[in-house]
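Printed here is input.cif (mmCIF, C-alpha atoms):
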```
data_target
loop_
_atom_site.label_atom_id
_atom_site.label_comp_id
_atom_site.auth_asym_id
_atom_site.auth_seq_id
_atom_site.Cartn_x
_atom_site.Cartn_y
_atom_site.Cartn_z
CA MET A 1348 -1.19 -142.77 24.98
CA LEU A 1349 -0.15 -142.65 28.61
CA PHE A 1350 -2.96 -143.41 31.06
CA THR A 1351 -2.89 -142.11 34.62
CA SER A 1352 -5.45 -141.57 37.38
CA ASP A 1353 -3.87 -139.21 39.86
CA VAL A 1354 -5.33 -136.00 41.26
CA ARG A 1355 -1.79 -134.70 41.81
CA GLY A 1356 -1.48 -134.60 38.03
CA ASP A 1357 -4.37 -132.14 37.79
CA ILE A 1358 -2.08 -129.18 38.47
CA ALA A 1359 -1.27 -127.15 35.36
CA VAL A 1360 2.16 -127.81 33.89
CA PRO A 1361 4.52 -125.71 31.72
CA LYS A 1362 4.19 -126.35 28.00
CA PRO A 1363 7.30 -125.04 26.22
CA HIS A 1364 6.58 -126.40 22.73
CA PRO A 1365 4.38 -124.73 20.08
CA GLY A 1366 1.19 -126.69 19.51
CA SER A 1367 1.11 -128.05 23.07
CA TYR A 1368 -2.20 -128.13 24.91
CA GLU A 1369 -3.77 -128.93 28.24
CA TRP A 1370 -7.44 -129.25 29.07
CA TRP A 1371 -9.62 -130.09 32.06
CA TYR A 1372 -12.81 -131.84 30.96
CA PHE A 1373 -15.99 -132.28 33.04
CA ASP A 1374 -19.32 -133.77 32.04
CA ALA A 1375 -22.43 -134.71 33.97
CA GLY A 1376 -25.92 -136.09 33.40
CA ASP A 1377 -28.71 -135.44 35.86
CA ASP A 1378 -30.53 -138.28 37.59
CA ASN A 1379 -33.73 -137.99 35.54
CA GLY A 1380 -31.88 -137.95 32.22
CA ALA A 1381 -33.14 -134.54 31.09
CA TYR A 1382 -29.95 -132.46 31.29
CA HIS A 1383 -26.33 -132.98 30.31
CA ILE A 1384 -23.54 -130.47 30.91
CA VAL A 1385 -20.02 -130.42 29.45
CA VAL A 1386 -17.39 -127.91 30.62
CA ILE A 1387 -13.80 -127.72 29.32
CA PHE A 1388 -11.03 -125.37 30.46
CA TYR A 1389 -8.15 -125.02 27.98
CA GLU A 1390 -4.59 -123.75 28.19
CA GLY A 1391 -3.64 -123.93 24.54
CA CYS A 1392 -7.03 -124.30 22.85
CA PRO A 1393 -6.57 -126.63 19.84
CA PHE A 1394 -9.49 -124.92 18.06
CA SER A 1395 -8.13 -121.38 18.32
CA LEU A 1396 -7.16 -120.16 14.86
CA ARG A 1397 -4.87 -117.61 16.47
CA TYR A 1398 -3.00 -120.42 18.16
CA VAL A 1399 -2.83 -122.58 15.04
CA ARG A 1400 -1.43 -119.73 12.95
CA ALA A 1401 1.07 -118.64 15.61
CA ALA A 1402 2.35 -122.15 16.35
CA GLU A 1403 2.68 -122.98 12.65
CA LYS A 1404 4.35 -119.76 11.47
CA ARG A 1405 5.88 -118.02 14.48
CA ALA A 1406 7.57 -120.76 16.50
CA GLY A 1407 9.84 -119.12 19.03
CA GLN A 1408 7.52 -116.15 19.52
CA PRO A 1409 5.55 -115.90 22.79
CA ASP A 1410 2.16 -116.22 21.08
CA SER A 1411 3.15 -119.64 19.67
CA LEU A 1412 2.87 -121.15 23.17
CA ALA A 1413 -0.17 -122.62 24.89
CA GLU A 1414 -0.13 -120.16 27.79
CA HIS A 1415 -1.10 -117.37 25.39
CA HIS A 1416 -4.30 -119.14 24.27
CA PRO A 1417 -6.65 -119.93 27.20
CA ALA A 1418 -10.29 -120.76 26.47
CA ILE A 1419 -13.49 -122.08 28.02
CA SER A 1420 -16.21 -124.26 26.52
CA ILE A 1421 -19.62 -124.70 28.17
CA SER A 1422 -22.44 -126.80 26.74
CA VAL A 1423 -25.83 -127.42 28.35
CA TYR A 1424 -28.30 -129.82 26.73
CA LYS A 1425 -31.93 -130.60 27.57
CA HIS A 1426 -33.15 -133.87 26.08
CA GLY A 1427 -30.22 -133.63 23.69
CA GLU A 1428 -31.03 -130.13 22.45
CA PRO A 1429 -28.64 -127.26 23.25
CA VAL A 1430 -29.87 -124.83 25.90
CA PHE A 1431 -26.59 -122.91 26.06
CA TYR A 1432 -23.28 -123.08 24.24
CA THR A 1433 -20.09 -121.05 24.25
CA LEU A 1434 -16.53 -121.52 23.07
CA ALA A 1435 -14.65 -118.41 24.15
CA ALA A 1436 -10.93 -117.65 23.84
CA TYR A 1437 -9.43 -115.15 26.29
CA SER A 1438 -6.32 -113.05 26.61
CA PRO A 1439 -3.58 -114.66 28.74
CA TYR A 1440 -3.88 -111.61 31.01
CA ASP A 1441 -7.47 -112.67 31.78
CA ALA A 1442 -6.60 -116.21 32.83
CA GLU A 1443 -4.67 -118.05 35.52
CA PHE A 1444 -3.25 -121.57 35.53
CA ASN A 1445 -1.75 -122.16 38.95
CA ARG A 1446 1.41 -124.32 38.95
CA ASN A 1447 1.24 -125.11 42.68
CA ARG A 1448 -2.35 -126.19 43.27
CA ILE A 1449 -5.42 -127.17 41.29
CA PHE A 1450 -6.79 -123.79 40.32
CA VAL A 1451 -7.71 -122.49 36.87
CA ARG A 1452 -9.41 -119.27 35.86
CA VAL A 1453 -10.49 -118.31 32.35
CA GLY A 1454 -12.37 -115.03 32.25
CA LYS A 1455 -14.87 -115.19 35.13
CA ASN A 1456 -14.92 -119.01 35.08
CA THR A 1457 -12.96 -120.85 37.77
CA LEU A 1458 -12.04 -124.43 38.58
CA GLU A 1459 -10.68 -125.38 41.98
CA GLY A 1460 -9.68 -128.80 43.28
CA ILE A 1461 -10.23 -129.39 47.00
CA PRO A 1462 -8.76 -132.51 48.69
CA GLU A 1463 -11.05 -134.07 51.29
CA ASP A 1464 -9.13 -136.96 52.91
CA ASP A 1465 -9.66 -139.93 50.58
CA ARG A 1466 -12.07 -137.95 48.40
CA MET A 1467 -11.63 -135.12 45.93
CA ALA A 1468 -13.99 -132.24 45.22
CA TYR A 1469 -13.92 -129.89 42.24
CA SER A 1470 -15.78 -126.60 42.43
CA LEU A 1471 -16.72 -125.00 39.10
CA ARG A 1472 -17.97 -121.40 39.11
CA LEU A 1473 -19.14 -120.38 35.67
CA GLU A 1474 -20.22 -117.08 34.13
CA GLU A 1475 -20.45 -116.21 30.43
CA THR A 1476 -22.42 -113.71 28.36
CA LEU A 1477 -22.97 -114.26 24.63
CA PRO A 1478 -22.98 -111.47 22.03
CA ASP A 1479 -26.75 -111.94 21.59
CA GLY A 1480 -27.29 -111.06 25.26
CA THR A 1481 -27.81 -114.59 26.57
CA ARG A 1482 -26.25 -114.92 30.01
CA PHE A 1483 -25.19 -118.07 31.84
CA ASN A 1484 -23.96 -118.58 35.37
CA GLY A 1485 -23.78 -121.48 37.73
CA ILE A 1486 -21.98 -123.45 40.38
CA LEU A 1487 -21.25 -127.18 40.03
CA ARG A 1488 -19.47 -129.43 42.51
CA PHE A 1489 -17.97 -132.78 41.43
CA THR A 1490 -17.08 -135.13 44.31
CA GLY A 1491 -15.61 -138.63 44.16
CA MET A 1492 -13.12 -141.02 45.66
CA LYS A 1493 -9.48 -140.41 44.75
CA PRO A 1494 -8.09 -143.11 42.44
CA THR A 1495 -5.13 -145.08 43.74
CA GLY A 1496 -1.78 -144.54 42.08
CA ASP A 1497 -1.67 -148.11 40.74
CA LEU A 1498 -5.12 -148.13 39.11
CA TRP A 1499 -3.61 -148.94 35.72
CA LYS A 1500 -1.06 -151.44 36.99
CA GLY A 1501 -1.47 -154.62 34.98
CA ALA A 1502 -3.70 -153.07 32.32
CA SER A 1503 -2.42 -153.67 28.80
CA ASP A 1504 -1.45 -151.06 26.20
CA VAL A 1505 -1.86 -148.03 28.45
CA SER A 1506 1.53 -146.43 27.78
CA LYS A 1507 2.00 -146.30 24.04
CA ASN A 1508 4.84 -144.06 22.91
CA ALA A 1509 2.70 -140.96 22.40
CA PRO A 1510 3.35 -137.55 23.96
CA HIS A 1511 -0.19 -137.41 25.32
CA ASP A 1512 -1.23 -137.99 28.94
CA TRP A 1513 -4.86 -138.93 29.56
CA ASN A 1514 -5.44 -138.58 33.30
CA LEU A 1515 -8.79 -140.10 34.31
CA THR A 1516 -8.88 -138.10 37.52
CA LEU A 1517 -12.45 -138.92 38.55
CA PRO A 1518 -14.05 -141.58 36.32
CA ALA A 1519 -17.13 -141.38 38.57
CA ALA A 1520 -18.30 -138.41 40.62
CA LYS A 1521 -21.45 -137.17 42.27
CA VAL A 1522 -22.45 -133.78 40.90
CA LYS A 1523 -24.63 -131.13 42.51
CA GLY A 1524 -25.25 -127.52 41.61
CA VAL A 1525 -27.46 -124.84 40.11
CA VAL A 1526 -27.12 -123.18 36.71
CA ASN A 1527 -29.07 -120.27 35.27
CA VAL A 1528 -29.75 -119.06 31.74
CA SER A 1529 -31.28 -115.66 30.94
CA ARG A 1530 -32.23 -114.46 27.47
CA LYS A 1531 -32.69 -110.77 26.64
CA GLY A 1532 -32.94 -109.95 30.33
CA ARG A 1533 -35.58 -112.62 31.01
CA GLN A 1534 -34.47 -115.04 33.70
CA GLU A 1535 -35.51 -118.61 33.02
CA LYS A 1536 -36.17 -121.14 35.76
CA PRO A 1537 -32.89 -122.19 37.42
CA ILE A 1538 -31.72 -125.70 36.66
CA VAL A 1539 -31.14 -127.51 39.94
CA PHE A 1540 -28.66 -130.18 38.96
CA GLU A 1541 -28.00 -133.47 40.74
CA GLY A 1542 -26.50 -136.43 38.99
CA THR A 1543 -23.39 -138.39 38.05
CA GLY A 1544 -20.31 -136.99 36.36
CA TYR A 1545 -16.85 -137.63 35.01
CA HIS A 1546 -13.61 -135.64 34.97
CA ASP A 1547 -10.39 -136.12 33.05
CA HIS A 1548 -7.30 -134.04 32.28
CA ASN A 1549 -5.35 -134.18 29.02
CA ILE A 1550 -1.86 -132.89 28.25
CA GLY A 1551 -0.03 -133.00 24.94
CA SER A 1552 3.30 -131.62 23.75
CA GLU A 1553 2.49 -131.10 20.06
CA PHE A 1554 -0.40 -130.49 17.68
CA LEU A 1555 -3.10 -133.15 18.00
CA LYS A 1556 -2.78 -133.91 14.28
CA ASN A 1557 0.91 -134.76 14.62
CA ARG A 1558 0.16 -137.86 16.64
CA PHE A 1559 -3.22 -139.26 15.66
CA THR A 1560 -5.55 -139.33 12.67
CA ASP A 1561 -8.79 -139.62 14.61
CA TRP A 1562 -9.91 -140.40 18.12
CA SER A 1563 -13.17 -141.88 19.42
CA TRP A 1564 -13.80 -142.07 23.13
CA GLY A 1565 -16.71 -142.25 25.53
CA ARG A 1566 -17.94 -143.09 28.99
CA VAL A 1567 -21.12 -144.45 30.54
CA HIS A 1568 -22.02 -145.00 34.18
CA PHE A 1569 -23.59 -148.33 35.11
CA ASN A 1570 -24.97 -148.95 38.59
CA ASP A 1571 -21.79 -150.53 39.91
CA GLU A 1572 -19.05 -149.41 37.51
CA THR A 1573 -17.99 -146.81 34.97
CA LEU A 1574 -17.14 -147.85 31.43
CA VAL A 1575 -14.49 -145.85 29.57
CA TRP A 1576 -13.40 -146.76 26.03
CA TYR A 1577 -11.33 -145.29 23.23
CA ALA A 1578 -10.18 -146.09 19.69
CA MET A 1579 -7.41 -143.99 18.19
CA ARG A 1580 -5.85 -144.27 14.76
CA THR A 1581 -2.22 -143.13 14.92
CA LYS A 1582 0.79 -143.22 12.65
CA GLU A 1583 1.83 -146.39 14.46
CA GLY A 1584 -1.55 -148.03 13.84
CA LEU A 1585 -4.76 -148.53 15.79
CA GLN A 1586 -4.69 -148.10 19.57
CA GLU A 1587 -7.77 -148.97 21.55
CA GLY A 1588 -8.97 -150.03 24.96
CA ALA A 1589 -12.04 -150.33 27.16
CA TRP A 1590 -12.23 -150.75 30.92
CA LEU A 1591 -14.86 -151.20 33.61
CA ILE A 1592 -13.79 -149.14 36.64
CA SER A 1593 -15.29 -149.49 40.11
CA VAL A 1594 -17.53 -146.66 41.33
CA ASP A 1595 -14.95 -145.80 43.99
CA ASN A 1596 -12.44 -145.14 41.15
CA ARG A 1597 -9.93 -147.54 42.72
CA ARG A 1598 -10.05 -150.76 40.72
CA ILE A 1599 -10.22 -151.88 37.12
CA LEU A 1600 -12.84 -154.60 37.29
CA ALA A 1601 -12.44 -155.83 33.72
CA GLU A 1602 -10.65 -155.01 30.49
CA ALA A 1603 -12.16 -155.59 27.06
CA THR A 1604 -10.66 -158.47 25.13
CA ARG A 1605 -12.15 -157.34 21.82
CA ILE A 1606 -13.33 -153.97 20.48
CA VAL A 1607 -15.24 -153.71 17.21
CA ALA A 1608 -16.43 -150.46 15.61
CA ASP A 1609 -19.96 -150.92 14.23
CA GLY A 1610 -21.15 -149.00 11.18
CA SER A 1611 -20.53 -145.35 10.48
CA GLU A 1612 -22.32 -142.04 10.23
CA SER A 1613 -21.45 -138.81 8.44
CA ASN A 1614 -22.45 -135.18 8.50
CA GLY A 1615 -22.73 -132.47 5.86
CA PHE A 1616 -19.03 -131.62 6.22
CA GLY A 1617 -17.97 -135.09 5.10
CA LEU A 1618 -16.85 -136.09 8.58
CA SER A 1619 -17.39 -139.81 9.20
CA ALA A 1620 -17.30 -141.55 12.57
CA PRO A 1621 -18.25 -144.95 14.02
CA ALA A 1622 -21.95 -145.35 14.77
CA GLY A 1623 -21.13 -147.51 17.77
CA PHE A 1624 -18.89 -150.17 19.28
CA THR A 1625 -19.21 -153.72 20.53
CA LEU A 1626 -16.98 -154.30 23.56
CA THR A 1627 -16.35 -157.88 24.62
CA PHE A 1628 -15.29 -158.53 28.23
CA PRO A 1629 -14.53 -161.90 29.83
CA ASP A 1630 -18.01 -162.18 31.38
CA ARG A 1631 -20.17 -159.78 29.36
CA VAL A 1632 -20.67 -157.84 26.15
CA VAL A 1633 -21.45 -154.12 26.05
CA THR A 1634 -22.97 -152.66 22.90
CA ILE A 1635 -22.63 -148.91 22.42
CA ARG A 1636 -24.87 -147.10 19.93
CA ASN A 1637 -25.04 -143.42 19.04
CA ARG A 1638 -28.49 -142.33 20.15
CA GLN A 1639 -28.52 -138.61 19.46
CA ARG A 1640 -26.03 -136.24 17.83
CA ILE A 1641 -25.72 -133.20 20.09
CA ASP A 1642 -22.76 -131.45 18.48
CA SER A 1643 -21.52 -131.69 14.91
CA GLY A 1644 -18.92 -129.81 12.91
CA PRO A 1645 -16.22 -130.18 10.27
CA PHE A 1646 -13.83 -132.02 12.62
CA TYR A 1647 -15.85 -133.01 15.69
CA PHE A 1648 -18.87 -135.02 16.88
CA ARG A 1649 -20.46 -135.34 20.31
CA HIS A 1650 -23.19 -137.91 20.89
CA LEU A 1651 -25.49 -139.14 23.59
CA VAL A 1652 -25.09 -142.91 23.46
CA GLU A 1653 -27.00 -145.91 24.69
CA ALA A 1654 -25.09 -148.78 26.30
CA VAL A 1655 -26.58 -152.26 26.58
CA CYS A 1656 -24.84 -154.83 28.76
CA THR A 1657 -25.57 -158.55 28.31
CA ASP A 1658 -24.05 -161.56 30.02
CA ALA A 1659 -22.21 -164.40 28.31
CA ASP A 1660 -25.55 -166.03 27.48
CA GLY A 1661 -26.97 -162.91 25.88
CA GLU A 1662 -29.30 -162.05 28.77
CA LEU A 1663 -29.86 -158.34 29.36
CA GLN A 1664 -28.11 -157.13 32.50
CA GLU A 1665 -28.34 -153.36 32.33
CA ARG A 1666 -29.12 -150.49 29.98
CA THR A 1667 -27.83 -146.95 30.47
CA SER A 1668 -26.72 -143.83 28.59
CA GLY A 1669 -23.64 -141.66 28.38
CA ILE A 1670 -21.53 -139.38 26.19
CA SER A 1671 -19.11 -140.09 23.36
CA GLU A 1672 -16.92 -137.84 21.22
CA PHE A 1673 -15.01 -138.12 17.97
CA ILE A 1674 -12.35 -135.79 16.56
CA LYS A 1675 -10.33 -135.72 13.34
CA PRO A 1676 -7.73 -133.09 14.27
CA ALA A 1677 -6.01 -132.52 10.91
CA ARG A 1678 -9.23 -130.87 9.74
CA ILE A 1679 -8.72 -128.11 12.31
CA HIS A 1680 -5.83 -126.95 10.09
CA TRP A 1681 -7.81 -127.02 6.83
CA ARG A 1682 -8.33 -123.37 5.82
CA ILE A 1683 -11.55 -124.25 4.03
CA PHE A 1684 -13.24 -124.75 7.41
CA TRP A 1685 -11.88 -121.65 9.13
CA PRO A 1686 -14.88 -119.42 8.25
CA LEU A 1687 -17.08 -121.92 10.12
CA VAL A 1688 -14.76 -121.89 13.13
CA ARG A 1689 -14.90 -118.09 13.20
CA MET A 1690 -18.70 -118.26 13.44
CA ARG A 1691 -18.53 -120.46 16.52
CA LEU A 1692 -15.38 -119.36 18.38
CA ARG A 1693 -15.56 -116.04 20.24
CA TYR A 1694 -12.46 -114.03 21.12
CA ALA A 1695 -13.20 -112.02 24.26
CA ASP A 1696 -10.89 -109.18 23.13
CA LYS A 1697 -12.29 -108.96 19.60
CA ARG A 1698 -15.56 -107.91 18.03
CA PRO A 1699 -17.64 -111.10 17.65
CA HIS A 1700 -18.58 -112.58 14.32
CA TRP A 1701 -21.89 -111.07 13.21
CA VAL A 1702 -23.59 -114.49 13.28
CA GLN A 1703 -23.08 -114.65 17.04
CA ARG A 1704 -25.27 -111.57 17.52
CA PHE A 1705 -28.34 -113.46 16.31
CA ALA A 1706 -29.38 -116.36 18.52
CA ARG A 1707 -31.21 -118.33 15.83
CA LEU A 1708 -28.34 -118.10 13.36
CA TYR A 1709 -25.76 -118.91 16.01
CA ARG A 1710 -27.65 -122.06 16.99
CA LEU A 1711 -27.20 -123.31 13.42
CA THR A 1712 -23.44 -123.45 14.07
CA TRP A 1713 -24.05 -125.91 16.94
#
```
Could you write out this structure as structure tokens?
Amino acid sequence: MLFTSDVRGDIAVPKPHPGSYEWWYFDAGDDNGAYHIVVIFYEGCPFSLRYVRAAEKRAGQPDSLAEHHPAISISVYKHGEPVFYTLAAYSPYDAEFNRNRIFVRVGKNTLEGIPEDDRMAYSLRLEETLPDGTRFNGILRFTGMKPTGDLWKGASDVSKNAPHDWNLTLPAAKVKGVVNVSRKGRQEKPIVFEGTGYHDHNIGSEFLKNRFTDWSWGRVHFNDETLVWYAMRTKEGLQEGAWLISVDNRRILAEATRIVADGSESNGFGLSAPAGFTLTFPDRVVTIRNRQRIDSGPFYFRHLVEAVCTDADGELQERTSGISEFIKPARIHWRIFWPLVRMRLRYADKRPHWVQRFARLYRLTW
């Protein structure tokens, strides 16, 4: 795993190898804790069955490359319950990944990076309509201090020999915007969003499953720092790390000296993931616990988590919440799960799965 924190690395790059991928991830929680939003732009969507089949069986053909498989994922949660969800794959002719500046378009959804002296702003304009008639649109703006190029200098184990670049572009950002959901032509009350967010950018040159067995990661925002952690089982063994990063995104304040996965939880698909982590830093201990499962499938979990920070004497210092995710990528390639993927993934140029036409049934795939 190669760690970087550089907004210049947010520009889309060529991906000449089948199975490659690139995604721009954004999440945010509002100040009162009611809403959470996760938005992901993909060039080379790892969950696209079209892409998996083409990259596995037609290497050398144009459709085996990432640029032929753009996608967008949008999730909105209220108190941990989904308000809106889409995972939509588009034709490459209905997408743009600019190689000269930070600009991405998938369908009618756009992402633009705007430098502002020592700060960076990201404008997300979002618009999706589901087969059941539910419509979503919104504008979100993420703004934060640009990380310095040497943020990871001196941090241990941040450049393992893996063809995967994890660019923590904005570990902490202020987020403002408005999003709207309408169902069957009935406009619901707009969600005026103001809170704290996070943005990262991932690039890989091969199938996820080729490099790692599973991957847990998460982030929480404390008052004066952002905590980011990960634990990845690879063919070379366990790789893990946890860091407290200053709110101006410019300094690593502390690195965990010990990371312990605590317990496990499973779902009906037999997927098992850690129930939490205990992260030991030189002057404090942070305990992470899964609080609420907000997305669950045959190869993927997303949780709202609670983080409790205590000092060296065990005295409570701070309590906050955040988001964690877990993926077991080899399962994406298991044909037994493909009917479930077809229920959830929508191809914009193809008739949707019949389940997606019925809101109540479609929610069961969340």
Explicit residue set for the PyMOL selection byres ((chain A and resi 1393-1407) around 10), as a PyMOL selection string: chain A and resi 1363-1370+1389-1392+1408-1413+1415-1418+1434-1436+1553-1556+1646+1676+1679-1680+1682+1685+1688-1689+1692-1694
Write out the residues from the selection above, keeping C-alpha atoms, as a PDB file, keeping the file's coordinate frame.
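Below is the file that was written, result18.pdb:
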```
ATOM      1  CA  PRO A1363       7.300-125.040  26.220  1.00  0.00           C
ATOM      2  CA  HIS A1364       6.580-126.400  22.730  1.00  0.00           C
ATOM      3  CA  PRO A1365       4.380-124.730  20.080  1.00  0.00           C
ATOM      4  CA  GLY A1366       1.190-126.690  19.510  1.00  0.00           C
ATOM      5  CA  SER A1367       1.110-128.050  23.070  1.00  0.00           C
ATOM      6  CA  TYR A1368      -2.200-128.130  24.910  1.00  0.00           C
ATOM      7  CA  GLU A1369      -3.770-128.930  28.240  1.00  0.00           C
ATOM      8  CA  TRP A1370      -7.440-129.250  29.070  1.00  0.00           C
ATOM      9  CA  TYR A1389      -8.150-125.020  27.980  1.00  0.00           C
ATOM     10  CA  GLU A1390      -4.590-123.750  28.190  1.00  0.00           C
ATOM     11  CA  GLY A1391      -3.640-123.930  24.540  1.00  0.00           C
ATOM     12  CA  CYS A1392      -7.030-124.300  22.850  1.00  0.00           C
ATOM     13  CA  GLN A1408       7.520-116.150  19.520  1.00  0.00           C
ATOM     14  CA  PRO A1409       5.550-115.900  22.790  1.00  0.00           C
ATOM     15  CA  ASP A1410       2.160-116.220  21.080  1.00  0.00           C
ATOM     16  CA  SER A1411       3.150-119.640  19.670  1.00  0.00           C
ATOM     17  CA  LEU A1412       2.870-121.150  23.170  1.00  0.00           C
ATOM     18  CA  ALA A1413      -0.170-122.620  24.890  1.00  0.00           C
ATOM     19  CA  HIS A1415      -1.100-117.370  25.390  1.00  0.00           C
ATOM     20  CA  HIS A1416      -4.300-119.140  24.270  1.00  0.00           C
ATOM     21  CA  PRO A1417      -6.650-119.930  27.200  1.00  0.00           C
ATOM     22  CA  ALA A1418     -10.290-120.760  26.470  1.00  0.00           C
ATOM     23  CA  LEU A1434     -16.530-121.520  23.070  1.00  0.00           C
ATOM     24  CA  ALA A1435     -14.650-118.410  24.150  1.00  0.00           C
ATOM     25  CA  ALA A1436     -10.930-117.650  23.840  1.00  0.00           C
ATOM     26  CA  GLU A1553       2.490-131.100  20.060  1.00  0.00           C
ATOM     27  CA  PHE A1554      -0.400-130.490  17.680  1.00  0.00           C
ATOM     28  CA  LEU A1555      -3.100-133.150  18.000  1.00  0.00           C
ATOM     29  CA  LYS A1556      -2.780-133.910  14.280  1.00  0.00           C
ATOM     30  CA  PHE A1646     -13.830-132.020  12.620  1.00  0.00           C
ATOM     31  CA  PRO A1676      -7.730-133.090  14.270  1.00  0.00           C
ATOM     32  CA  ILE A1679      -8.720-128.110  12.310  1.00  0.00           C
ATOM     33  CA  HIS A1680      -5.830-126.950  10.090  1.00  0.00           C
ATOM     34  CA  ARG A1682      -8.330-123.370   5.820  1.00  0.00           C
ATOM     35  CA  TRP A1685     -11.880-121.650   9.130  1.00  0.00           C
ATOM     36  CA  VAL A1688     -14.760-121.890  13.130  1.00  0.00           C
ATOM     37  CA  ARG A1689     -14.900-118.090  13.200  1.00  0.00           C
ATOM     38  CA  LEU A1692     -15.380-119.360  18.380  1.00  0.00           C
ATOM     39  CA  ARG A1693     -15.560-116.040  20.240  1.00  0.00           C
ATOM     40  CA  TYR A1694     -12.460-114.030  21.120  1.00  0.00           C
TER      41      TYR A1694
END
```
Expansion of the PyMOL selection byres ((chain A and resi 1591-1606) around 8) into residues, as an NGL selection string: :A and (1491-1495 or 1498-1499 or 1502 or 1517-1519 or 1571-1575 or 1587-1590 or 1607-1608 or 1624-1629)
Protein/DNA/RNA residues near (-2.6, -143.2, 11.8), cut 6 Å, all atoms listed in the file, as a list of chain:residue names: A:Phe1559, A:Thr1560, A:Arg1580, A:Thr1581, A:Lys1582, A:Gly1584
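Picture a line from CA of Trp1564 (chain A) to CA of Val1423 (chain A); it runs 19.7 Å.
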Taking 2 positions as the minimum chain separation for residues in the same chain, which residues sit within 7 Å of region 1440-1448 of chain A when counting all atoms listed in the file? Answer as an mmCIF file with C-alpha atoms, in the frame of the given file.
```cif
data_model
loop_
_atom_site.group_PDB
_atom_site.id
_atom_site.type_symbol
_atom_site.label_atom_id
_atom_site.label_comp_id
_atom_site.auth_asym_id
_atom_site.auth_seq_id
_atom_site.Cartn_x
_atom_site.Cartn_y
_atom_site.Cartn_z
ATOM 1 C CA ILE A 1358 -2.080 -129.180 38.470
ATOM 2 C CA ALA A 1359 -1.270 -127.150 35.360
ATOM 3 C CA VAL A 1360 2.160 -127.810 33.890
ATOM 4 C CA PRO A 1417 -6.650 -119.930 27.200
ATOM 5 C CA TYR A 1437 -9.430 -115.150 26.290
ATOM 6 C CA SER A 1438 -6.320 -113.050 26.610
ATOM 7 C CA PHE A 1450 -6.790 -123.790 40.320
ATOM 8 C CA VAL A 1451 -7.710 -122.490 36.870
ATOM 9 C CA ARG A 1452 -9.410 -119.270 35.860
ATOM 10 C CA VAL A 1453 -10.490 -118.310 32.350
ATOM 11 C CA GLY A 1454 -12.370 -115.030 32.250
#
```
Residue nearest Asp1561 (chain A) among A:Lys1362, A:His1700, A:Arg1678, A:Arg1710 (counting only C-alpha atoms):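 The answer is A:Arg1678, which sits nearest to Asp1561 (chain A).
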